[in-house]
file work.txt (compact mmCIF, C-alpha atoms (C1' of nucleotides) and all ligand atoms)
# COMPACT_ATOMS: atom_id res chain seq x y z
CA MET A 248 -3.77 1.13 -5.63
CA ILE A 249 -6.29 -1.50 -4.67
CA LEU A 250 -4.07 -4.38 -5.79
CA THR A 251 -0.31 -4.31 -5.42
CA LYS A 252 1.67 -4.15 -8.63
CA THR A 253 2.85 -7.69 -8.07
CA SER A 254 -0.73 -8.97 -7.94
CA GLN A 255 -1.57 -6.95 -11.03
CA TYR A 256 1.37 -8.53 -12.83
CA ALA A 257 0.34 -12.00 -11.69
CA VAL A 258 -3.21 -11.62 -12.98
CA ARG A 259 -1.98 -10.17 -16.24
CA VAL A 260 0.48 -12.99 -16.83
CA LEU A 261 -2.06 -15.71 -16.15
CA THR A 262 -4.81 -14.09 -18.23
CA TYR A 263 -2.31 -13.69 -21.03
CA MET A 264 -1.31 -17.32 -20.94
CA ILE A 265 -4.86 -18.51 -20.75
CA GLN A 266 -6.08 -16.66 -23.82
CA SER A 267 -3.13 -17.55 -26.03
CA ASP A 268 -2.90 -20.50 -28.35
CA LEU A 269 0.62 -21.23 -27.27
CA ARG A 270 1.32 -23.89 -24.69
CA VAL A 271 4.80 -23.09 -23.46
CA PHE A 272 5.85 -19.53 -22.63
CA SER A 273 9.42 -18.52 -21.94
CA ALA A 274 10.09 -15.76 -19.44
CA HIS A 275 11.61 -13.79 -22.28
CA HIS A 276 8.42 -14.04 -24.31
CA LEU A 277 6.23 -12.92 -21.40
CA ILE A 278 8.51 -9.99 -20.56
CA LYS A 279 8.27 -8.73 -24.12
CA ALA A 280 4.56 -9.36 -24.48
CA LEU A 281 3.54 -7.79 -21.18
CA SER A 282 6.20 -5.09 -20.73
CA ILE A 283 6.94 -6.16 -17.19
CA PRO A 284 10.46 -5.59 -15.77
CA ASP A 285 12.69 -8.52 -16.64
CA LYS A 286 14.07 -9.76 -13.35
CA TYR A 287 10.94 -8.89 -11.47
CA LEU A 288 8.72 -10.99 -13.67
CA ARG A 289 11.17 -13.88 -13.49
CA GLN A 290 10.91 -13.88 -9.71
CA LEU A 291 7.14 -13.71 -9.95
CA LEU A 292 7.03 -16.64 -12.36
CA THR A 293 9.00 -18.72 -9.89
CA THR A 294 6.52 -17.75 -7.17
CA LEU A 295 3.55 -18.65 -9.36
CA SER A 296 5.25 -21.92 -10.19
CA LYS A 297 5.82 -22.81 -6.54
CA ALA A 298 2.21 -21.90 -5.83
CA GLY A 299 1.09 -24.37 -8.45
CA PHE A 300 -0.57 -22.03 -10.93
CA ILE A 301 2.01 -22.80 -13.60
CA LYS A 302 4.59 -25.49 -14.12
CA SER A 303 8.18 -24.62 -15.03
CA ILE A 304 10.19 -26.53 -17.58
CA ARG A 305 13.89 -25.92 -17.18
CA GLY A 306 16.57 -26.09 -19.80
CA ARG A 307 16.62 -25.37 -23.48
CA GLU A 308 13.19 -25.11 -25.08
CA GLY A 309 11.83 -24.74 -21.59
CA GLY A 310 9.42 -22.22 -20.17
CA TYR A 311 6.15 -22.23 -18.30
CA VAL A 312 2.84 -23.96 -18.90
CA LEU A 313 -0.46 -23.55 -17.11
CA ALA A 314 -0.80 -26.17 -14.43
CA ARG A 315 -4.33 -25.85 -13.17
CA ASN A 316 -7.66 -25.81 -14.87
CA PRO A 317 -8.43 -22.18 -15.71
CA ASP A 318 -11.98 -22.34 -14.41
CA LYS A 319 -10.59 -23.34 -11.04
CA ILE A 320 -8.33 -20.31 -10.62
CA ARG A 321 -10.04 -17.37 -8.93
CA LEU A 322 -8.66 -13.87 -8.54
CA SER A 323 -8.61 -14.36 -4.79
CA ASP A 324 -6.46 -17.48 -5.19
CA ILE A 325 -3.84 -15.42 -6.96
CA ILE A 326 -3.99 -12.49 -4.57
CA GLU A 327 -3.84 -14.79 -1.58
CA VAL A 328 -0.50 -16.17 -2.70
CA ILE A 329 1.05 -12.80 -3.54
CA ASP A 330 -0.20 -10.37 -0.89
CA GLY A 331 -2.69 -12.28 1.19
CA MET A 332 -6.41 -11.54 1.14
CA GLU A 333 -6.51 -10.45 4.76
CA ARG A 334 -6.02 -6.78 4.00
CA TYR A 335 -9.26 -6.73 2.02
CA GLU A 336 -11.26 -8.36 4.78
CA ARG A 337 -10.40 -6.15 7.72
CA CYS A 338 -12.08 -3.13 9.27
CA LEU A 339 -11.90 -0.08 7.04
CA LEU A 340 -10.67 2.03 9.94
CA GLY A 341 -8.10 -0.52 11.04
CA PHE A 342 -9.74 -1.80 14.22
CA PRO A 343 -8.71 -5.33 15.17
CA SER A 344 -12.18 -6.80 14.98
CA CYS A 345 -14.94 -6.22 12.48
CA SER A 346 -18.45 -7.54 12.98
CA ASP A 347 -22.03 -6.35 13.12
CA ASP A 348 -21.91 -6.80 16.88
CA ASN A 349 -18.87 -4.59 17.34
CA PRO A 350 -18.95 -2.13 14.45
CA CYS A 351 -16.93 0.99 13.85
CA SER A 352 -18.62 4.15 12.68
CA LEU A 353 -18.30 3.21 9.00
CA HIS A 354 -19.19 -0.46 9.29
CA ARG A 355 -22.88 -0.17 8.55
CA LYS A 356 -22.36 1.41 5.16
CA TRP A 357 -19.04 -0.18 4.30
CA ALA A 358 -19.55 -3.84 5.18
CA PRO A 359 -22.13 -4.62 2.45
CA LEU A 360 -19.96 -2.91 -0.15
CA ARG A 361 -16.92 -4.85 0.96
CA GLU A 362 -18.88 -8.08 0.69
CA GLN A 363 -19.63 -7.29 -2.94
CA MET A 364 -15.97 -6.59 -3.57
CA LEU A 365 -14.90 -9.83 -1.90
CA HIS A 366 -17.53 -11.71 -3.86
CA PHE A 367 -16.08 -10.26 -7.05
CA LEU A 368 -12.56 -11.37 -6.11
CA ARG A 369 -13.63 -14.81 -4.93
CA GLU A 370 -16.01 -15.72 -7.73
CA THR A 371 -14.26 -14.32 -10.78
CA THR A 372 -12.27 -17.07 -12.51
CA LEU A 373 -9.65 -16.82 -15.21
CA ASP A 374 -11.87 -18.83 -17.49
CA GLU A 375 -14.59 -16.22 -17.16
CA ILE A 376 -12.06 -13.49 -17.92
CA ARG A 377 -10.98 -15.23 -21.11
CA GLN A 378 -14.50 -15.09 -22.44
CA ASN A 379 -14.33 -11.30 -22.49
CA ASP A 380 -12.14 -11.60 -25.56
CA ILE A 381 -10.09 -8.62 -24.58
CA THR A 382 -6.53 -8.35 -25.76
CA LYS A 383 -5.08 -5.75 -23.48
CA PHE A 384 -2.17 -7.06 -21.45
CA MET B 31 -5.35 -2.30 3.60
CA ILE B 32 -7.82 -0.30 1.58
CA LEU B 33 -7.01 2.96 3.36
CA THR B 34 -3.52 3.80 4.56
CA LYS B 35 -3.06 3.95 8.30
CA THR B 36 -2.65 7.70 8.11
CA SER B 37 -6.05 8.07 6.46
CA GLN B 38 -7.57 5.76 9.03
CA TYR B 39 -6.11 7.90 11.79
CA ALA B 40 -7.39 11.08 10.16
CA VAL B 41 -10.95 9.77 9.89
CA ARG B 42 -10.86 8.49 13.43
CA VAL B 43 -9.62 11.79 14.83
CA LEU B 44 -12.22 13.84 13.04
CA THR B 45 -15.10 11.50 13.88
CA TYR B 46 -13.99 11.55 17.48
CA MET B 47 -13.92 15.32 17.63
CA ILE B 48 -17.26 15.65 15.93
CA GLN B 49 -19.16 13.39 18.31
CA SER B 50 -17.69 14.84 21.50
CA ASP B 51 -19.15 17.62 23.56
CA LEU B 52 -15.77 19.23 23.98
CA ARG B 53 -14.75 22.12 21.79
CA VAL B 54 -10.98 22.26 22.15
CA PHE B 55 -8.86 19.10 22.00
CA SER B 56 -5.19 19.01 22.89
CA ALA B 57 -2.91 16.63 21.02
CA HIS B 58 -2.27 14.95 24.35
CA HIS B 59 -5.96 14.30 24.86
CA LEU B 60 -6.43 12.84 21.37
CA ILE B 61 -3.37 10.61 21.68
CA LYS B 62 -4.74 9.13 24.90
CA ALA B 63 -8.29 8.82 23.66
CA LEU B 64 -7.47 7.23 20.32
CA SER B 65 -4.28 5.29 21.14
CA ILE B 66 -2.42 6.70 18.16
CA PRO B 67 1.39 7.07 18.34
CA ASP B 68 2.29 10.41 19.91
CA LYS B 69 4.56 12.13 17.43
CA TYR B 70 2.80 10.63 14.47
CA LEU B 71 -0.57 12.00 15.46
CA ARG B 72 0.96 15.41 16.15
CA GLN B 73 2.27 15.54 12.61
CA LEU B 74 -1.07 14.47 11.29
CA LEU B 75 -2.89 17.13 13.28
CA THR B 76 -0.66 19.78 11.73
CA THR B 77 -1.48 18.38 8.30
CA LEU B 78 -5.20 18.42 9.02
CA SER B 79 -4.86 21.95 10.30
CA LYS B 80 -3.06 23.14 7.18
CA ALA B 81 -5.71 21.44 5.09
CA GLY B 82 -8.38 23.42 6.88
CA PHE B 83 -10.29 20.61 8.60
CA ILE B 84 -9.30 21.83 12.04
CA LYS B 85 -7.88 25.05 13.43
CA SER B 86 -4.92 25.03 15.78
CA ILE B 87 -4.67 27.22 18.86
CA ARG B 88 -1.12 27.55 20.02
CA GLY B 89 0.12 28.24 23.51
CA ARG B 90 -1.21 27.40 26.91
CA GLU B 91 -4.82 26.22 26.95
CA GLY B 92 -4.44 25.68 23.25
CA GLY B 93 -5.34 22.71 21.10
CA TYR B 94 -7.46 22.01 18.06
CA VAL B 95 -11.04 22.87 17.15
CA LEU B 96 -13.11 21.78 14.18
CA ALA B 97 -12.94 24.38 11.47
CA ARG B 98 -15.45 23.29 8.87
CA ASN B 99 -19.07 22.38 9.03
CA PRO B 100 -19.22 18.61 9.66
CA ASP B 101 -21.84 17.99 7.03
CA LYS B 102 -19.46 19.47 4.48
CA ILE B 103 -16.57 17.11 5.19
CA ARG B 104 -16.68 13.95 3.09
CA LEU B 105 -14.46 10.90 3.49
CA SER B 106 -12.98 11.59 0.07
CA ASP B 107 -12.02 15.12 1.17
CA ILE B 108 -9.94 13.65 3.96
CA ILE B 109 -8.39 10.89 1.88
CA GLU B 110 -7.59 13.34 -0.92
CA VAL B 111 -5.45 15.41 1.41
CA ILE B 112 -3.63 12.47 3.00
CA ASP B 113 -3.05 9.95 0.20
CA GLY B 114 -4.84 11.33 -2.84
CA MET B 115 -7.95 9.71 -4.27
CA GLU B 116 -6.28 8.82 -7.54
CA ARG B 117 -5.29 5.35 -6.45
CA TYR B 118 -8.95 4.40 -6.00
CA GLU B 119 -9.94 5.64 -9.42
CA ARG B 120 -7.43 3.85 -11.62
CA CYS B 121 -7.54 0.61 -13.56
CA LEU B 122 -7.57 -2.44 -11.30
CA LEU B 123 -4.80 -4.02 -13.33
CA GLY B 124 -2.68 -0.88 -13.41
CA PHE B 125 -3.12 0.13 -17.04
CA PRO B 126 -2.66 3.85 -17.67
CA SER B 127 -6.14 4.45 -19.00
CA CYS B 128 -9.47 3.07 -17.83
CA SER B 129 -12.67 3.54 -19.80
CA ASP B 130 -15.48 1.56 -21.33
CA ASP B 131 -13.92 2.20 -24.72
CA ASN B 132 -10.53 0.81 -23.76
CA PRO B 133 -11.20 -1.73 -21.05
CA CYS B 134 -8.92 -4.31 -19.51
CA SER B 135 -10.14 -7.84 -18.96
CA LEU B 136 -11.60 -7.05 -15.55
CA HIS B 137 -13.13 -3.69 -16.37
CA ARG B 138 -16.63 -4.89 -17.19
CA LYS B 139 -17.18 -6.48 -13.81
CA TRP B 140 -15.01 -4.17 -11.75
CA ALA B 141 -15.97 -0.69 -12.94
CA PRO B 142 -19.54 -0.70 -11.57
CA LEU B 143 -18.32 -1.96 -8.23
CA ARG B 144 -15.65 0.69 -8.07
CA GLU B 145 -18.27 3.35 -8.82
CA GLN B 146 -20.22 2.20 -5.78
CA MET B 147 -17.11 2.38 -3.67
CA LEU B 148 -16.24 5.85 -4.90
CA HIS B 149 -19.81 6.94 -4.30
CA PHE B 150 -19.51 5.73 -0.74
CA LEU B 151 -16.29 7.68 -0.19
CA ARG B 152 -17.57 10.81 -1.89
CA GLU B 153 -21.03 10.99 -0.37
CA THR B 154 -20.42 9.90 3.20
CA THR B 155 -20.03 12.94 5.44
CA LEU B 156 -18.77 13.18 9.00
CA ASP B 157 -22.15 14.46 10.05
CA GLU B 158 -23.78 11.30 8.77
CA ILE B 159 -21.22 9.23 10.65
CA ARG B 160 -22.00 10.99 13.89
CA GLN B 161 -25.62 9.93 13.65
CA ASN B 162 -24.57 6.31 13.96
CA ASP B 163 -23.99 6.95 17.65
CA ILE B 164 -21.06 4.60 17.75
CA THR B 165 -18.38 5.13 20.33
CA LYS B 166 -15.52 3.08 18.97
CA PHE B 167 -12.43 5.16 18.30
C1' DT C 78 30.14 -33.67 -26.04
C1' DT C 79 29.35 -29.04 -25.88
C1' DA C 80 27.39 -24.67 -26.23
C1' DA C 81 23.18 -22.26 -26.14
C1' DA C 82 18.93 -21.52 -23.98
C1' DT C 83 16.43 -21.52 -20.13
C1' DT C 84 14.81 -21.32 -15.07
C1' DA C 85 16.39 -20.77 -9.79
C1' DC C 86 18.58 -18.39 -6.14
C1' DT C 87 20.26 -14.56 -3.45
C1' DA C 88 21.85 -10.13 -2.44
C1' DC C 89 21.35 -5.37 -2.99
C1' DG C 90 19.30 -0.66 -3.75
C1' DA C 91 15.29 2.78 -4.26
C1' DC C 92 11.13 4.46 -2.53
C1' DG C 93 7.00 5.48 0.25
C1' DG C 94 4.39 4.83 4.52
C1' DT C 95 4.98 4.47 9.36
C1' DA C 96 7.04 5.83 13.63
C1' DT C 97 10.34 8.21 16.89
C1' DA C 98 13.18 12.11 18.75
C1' DG C 99 14.74 16.76 19.66
C1' DC C 100 14.46 21.40 19.41
C1' DA C 101 12.00 25.73 18.12
C1' DT C 102 8.01 28.68 18.66
C1' DA C 103 3.81 30.59 20.67
C1' DT C 104 0.52 31.80 24.40
C1' DC C 105 -1.23 32.58 28.79
C1' DA C 106 -1.99 31.65 33.93
C1' DG C 107 0.12 33.05 37.93
C1' DC D 254 7.94 38.42 33.85
C1' DT D 255 8.35 33.80 33.80
C1' DG D 256 7.42 29.10 33.75
C1' DA D 257 4.24 25.79 32.20
C1' DT D 258 1.59 24.21 28.52
C1' DA D 259 0.82 23.96 23.88
C1' DT D 260 1.77 23.43 18.71
C1' DG D 261 5.41 23.53 14.57
C1' DC D 262 9.39 21.87 12.17
C1' DT D 263 12.95 18.72 10.71
C1' DA D 264 15.94 14.85 10.79
C1' DT D 265 16.31 10.04 11.29
C1' DA D 266 15.19 5.05 11.36
C1' DC D 267 12.32 0.99 10.11
C1' DC D 268 9.88 -1.91 7.01
C1' DG D 269 7.47 -3.71 2.98
C1' DT D 270 6.98 -3.18 -2.01
C1' DC D 271 9.25 -2.65 -6.24
C1' DG D 272 13.09 -3.19 -9.18
C1' DT D 273 18.07 -4.55 -10.57
C1' DA D 274 22.21 -7.52 -10.85
C1' DG D 275 25.04 -11.49 -10.88
C1' DT D 276 25.67 -16.22 -10.59
C1' DA D 277 24.25 -21.11 -10.31
C1' DA D 278 21.73 -25.05 -12.05
C1' DT D 279 19.33 -27.58 -15.71
C1' DT D 280 18.16 -29.37 -20.25
C1' DT D 281 18.60 -30.26 -25.06
C1' DA D 282 19.60 -29.07 -29.99
C1' DA D 283 23.42 -29.40 -32.87
S1 LIG E 401 -15.80 -2.64 12.21
FE1 LIG E 401 -14.94 -1.19 10.84
S2 LIG E 401 -15.59 -1.93 8.91
FE2 LIG E 401 -16.43 -3.38 10.28
S1 LIG E 402 -9.47 -0.64 -17.75
FE1 LIG E 402 -8.93 -1.90 -16.07
S2 LIG E 402 -10.48 -1.45 -14.62
FE2 LIG E 402 -11.01 -0.15 -16.28

call {"tool": "encode", "arguments": {"input": "work.txt", "output": "C-alpha cells", "more": "lines below"}}
Ligand code: FES
Ligand code: FES
result
Amino acid sequence: MILTKTSQYAVRVLTYMIQSDLRVFSAHHLIKALSIPDKYLRQLLTTLSKAGFIKSIRGREGGYVLARNPDKIRLSDIIEVIDGMERYERCLLGFPSCSDDNPCSLHRKWAPLREQMLHFLRETTLDEIRQNDITKF
Amino acid sequence: MILTKTSQYAVRVLTYMIQSDLRVFSAHHLIKALSIPDKYLRQLLTTLSKAGFIKSIRGREGGYVLARNPDKIRLSDIIEVIDGMERYERCLLGFPSCSDDNPCSLHRKWAPLREQMLHFLRETTLDEIRQNDITKF
DNA sequence: TTAAATTACTACGACGGTATAGCATATCAG
DNA sequence: CTGATATGCTATACCGTCGTAGTAATTTAA
C-alpha cells in the first residue's frame, strides 16, 4: 500500500465531511457512512481534532465540524500528521542521503517521478477533490 | 517507505552482483560489501535462489552466481517475489476496485501518475541499471 | 436534576516486516 | 578421511500498524 490504512481513512473522512451538506457529524454517523471500524475511527477523529483539521463538540448533540478552510488542507498535510511525509521523500533503495550529487543506481530515473508524486500530494487540496463530485467513500 | 527494506536489499544485492567482475559471491562477502544484517541477508539469498534470480553453490568454495540474463530481470520481477506488486496497483484510498468507471475521489489525478510509476518498475532492468556506472551499494 | 448521548483516554491483542540465533546439511581442499 | 567452509532450515523476539474493549469525562434535552 502506498498510503497506510490510517491515512486512507483520514482522507476519506475529511473528503466525506467536506462534500456533505451537514455541519456536525457524530462519530456514529461517520462509522456507518464510511464503514470504518468503530473504535479505530474514534481514535482517528481525536487525532484529527488535535491536529486542527476538525473541531470536536463534546456532550449530547455533539460531534465534529470542519475547522479549517477546505482549500487550505492538502493531502500532504493530512499524511504528515498521521504517518509523516518523510517516507515518501527518501531514497528508493533506503540509502541515508538522496541527491543528484550522491545518487544511487535508481536515482536518475526515480527522482523525477518521485517529484511528480510529491507534487501531487502537496498540491492537491480537499476543495479540489470536492469538485470531482464523486460519491464513493 | 515505498519499497520494503527486504525489496531494497534484494535490488541492492542483485545490482551489486551484476556490476562486479566476480562470478561467485559468498554470503559473507555480500554481507560485508553491502552492510546488510548477516542472518537476514542469508535468508534473502535463499529466497532469491529459490526464485531463480541466483543459483546457490553449496559447500566449500561455494556461494551464489547470477542465474538469469541481467537484461531480463526487471525491478517488478524482484518486488513481485518479495512483497508482491499488488500493493502498488490498488486504489490509493484502499477501495476494493479501481477503474475509470468506478473511480474514487483521487483516481482522476492519481491513476496516470501510478501508471508512470508502474511503468518505471516494470520496464527498468538490472542491465540498464548497470550502465549507470554508479558504485553505491 | 437526571439520564441519554457524545467524545477522550488507555490498555490490550493480532499481524506482518525486520532481525537474531542455533543447528543441520553439503562440498571440497588438504 | 576429515576439517574447514559454505548454504539451508526453523524458531524466536522486536516493533509498528491495525483493530478491539472498557471506562472516564462532558454536555444538554427532557
Ligand atoms: S539516492 Fe536513491 S533515489 Fe536518490
Ligand atoms: S479508484 Fe481510487 S485510485 Fe482508482

call {"tool": "residues_near_ligand", "arguments": {"input": "work.txt", "ligand": "ligand LIG 401 (chain E)", "cutoff": "10 Å", "atoms": "all atoms listed in the file", "output": "mmCIF file with C-alpha atoms, in the coordinates of the input"}}
result
data_model
loop_
_atom_site.group_PDB
_atom_site.id
_atom_site.type_symbol
_atom_site.label_atom_id
_atom_site.label_comp_id
_atom_site.auth_asym_id
_atom_site.auth_seq_id
_atom_site.Cartn_x
_atom_site.Cartn_y
_atom_site.Cartn_z
ATOM 1 C CA GLU A 336 -11.260 -8.360 4.780
ATOM 2 C CA ARG A 337 -10.400 -6.150 7.720
ATOM 3 C CA CYS A 338 -12.080 -3.130 9.270
ATOM 4 C CA LEU A 339 -11.900 -0.080 7.040
ATOM 5 C CA LEU A 340 -10.670 2.030 9.940
ATOM 6 C CA GLY A 341 -8.100 -0.520 11.040
ATOM 7 C CA PHE A 342 -9.740 -1.800 14.220
ATOM 8 C CA PRO A 343 -8.710 -5.330 15.170
ATOM 9 C CA SER A 344 -12.180 -6.800 14.980
ATOM 10 C CA CYS A 345 -14.940 -6.220 12.480
ATOM 11 C CA SER A 346 -18.450 -7.540 12.980
ATOM 12 C CA ASP A 347 -22.030 -6.350 13.120
ATOM 13 C CA ASP A 348 -21.910 -6.800 16.880
ATOM 14 C CA ASN A 349 -18.870 -4.590 17.340
ATOM 15 C CA PRO A 350 -18.950 -2.130 14.450
ATOM 16 C CA CYS A 351 -16.930 0.990 13.850
ATOM 17 C CA SER A 352 -18.620 4.150 12.680
ATOM 18 C CA LEU A 353 -18.300 3.210 9.000
ATOM 19 C CA HIS A 354 -19.190 -0.460 9.290
ATOM 20 C CA ARG A 355 -22.880 -0.170 8.550
ATOM 21 C CA LYS A 356 -22.360 1.410 5.160
ATOM 22 C CA TRP A 357 -19.040 -0.180 4.300
ATOM 23 C CA ALA A 358 -19.550 -3.840 5.180
ATOM 24 C CA PRO A 359 -22.130 -4.620 2.450
ATOM 25 C CA ARG A 361 -16.920 -4.850 0.960
ATOM 26 C CA LYS B 166 -15.520 3.080 18.970
#

call {"tool": "residues_around", "arguments": {"input": "work.txt", "residues": "DT281 (chain D)", "least_positions_apart": "6", "cutoff": "8 Å", "atoms": "only C-alpha atoms (C1' of nucleotides)", "output": "ChimeraX atom specification"}}
result
/A:306-308

call {"tool": "atom_distance", "arguments": {"input": "work.txt", "atom1": "CA of Val54 (chain B)", "atom2": "CA of Arg42 (chain B)"}}
result
16.3 Å

call {"tool": "interface_residues", "arguments": {"input": "work.txt", "of": "chain C", "to": "chain A", "cutoff": "12 Å", "atoms": "all atoms listed in the file", "output": "PyMOL selection string"}}
result
chain C and resi 80-87

call {"tool": "atom_distance", "arguments": {"input": "work.txt", "atom1": "CA of Glu110 (chain B)", "atom2": "CA of Thr34 (chain B)"}}
result
11.7 Å

call {"tool": "closest_atom_pairs", "arguments": {"input": "work.txt", "of": "chain D", "to": "chain B", "cutoff": "6 Å", "atoms": "only C-alpha atoms (C1' of nucleotides)", "output": "Markdown table"}}
result
| residue | atom | partner | partner_atom | distance |
| --- | --- | --- | --- | --- |
| D:DT258 | C1' | B:Arg90 | CA | 4.5 |
| D:DA259 | C1' | B:Gly89 | CA | 4.4 |
| D:DT260 | C1' | B:Arg88 | CA | 5.2 |

call {"tool": "atom_distance", "arguments": {"input": "work.txt", "atom1": "CA of Gln49 (chain B)", "atom2": "CA of Tyr70 (chain B)"}}
result
22.5 Å

call {"tool": "closest_residue", "arguments": {"input": "work.txt", "among": "B:Leu148, B:Leu143, B:Ile109, B:Leu44", "to": "chain A", "atoms": "all atoms listed in the file"}}
result
B:Leu143

call {"tool": "residues_near_point", "arguments": {"input": "work.txt", "point": "(4.3, 6.8, 8.6)", "cutoff": "12 Å", "atoms": "all atoms listed in the file", "output": "list in words"}}
result
Thr34, Lys35, Thr36, Ser37, Gln38, Tyr39, Ile66, Pro67, Lys69, Tyr70, Leu71, Arg72, Gln73, Leu74, Ile112 and Asp113 of chain B; DG93, DG94, DT95, DA96 and DT97 of chain C; DA266, DC267 and DC268 of chain D

call {"tool": "axis_aligned_box", "arguments": {"input": "work.txt", "around": "region 261-268 of chain D", "padding_each_side": "5 Å", "output": "lines of an AutoDock Vina configuration file"}}
result
center_x = 10.9
center_y = 10.8
center_z = 10.8
size_x = 20.9
size_y = 35.4
size_z = 17.6

call {"tool": "closest_residue", "arguments": {"input": "work.txt", "among": "B:Ala63, B:Ile159, B:Ile48, B:Val43", "to": "chain A", "atoms": "all atoms listed in the file"}}
result
B:Ile159

call {"tool": "closest_residue", "arguments": {"input": "work.txt", "among": "A:His276, A:Leu250, A:Arg315, A:Ser296", "to": "chain B", "atoms": "only C-alpha atoms"}}
result
A:Leu250

call {"tool": "residues_around", "arguments": {"input": "work.txt", "residues": "DA88 (chain C)", "least_positions_apart": "5", "cutoff": "12 Å", "atoms": "only C-alpha atoms (C1' of nucleotides)", "output": "list in words"}}
result
DT273, DA274, DG275 and DT276 of chain D

call {"tool": "residues_around", "arguments": {"input": "work.txt", "residues": "Leu322 (chain A)", "least_positions_apart": "2", "cutoff": "8 Å", "atoms": "only C-alpha atoms (C1' of nucleotides)", "output": "list of chain:residue names"}}
result
A:Val258, A:Ile320, A:Asp324, A:Ile325, A:Ile326, A:Leu368, A:Arg369, A:Glu370, A:Thr371, A:Thr372, A:Leu373

call {"tool": "closest_residue", "arguments": {"input": "work.txt", "among": "B:Asp163, B:Glu145, B:Asp101, B:Asp157", "to": "ligand LIG 402 (chain E)", "atoms": "only C-alpha atoms and all ligand atoms"}}
result
B:Glu145
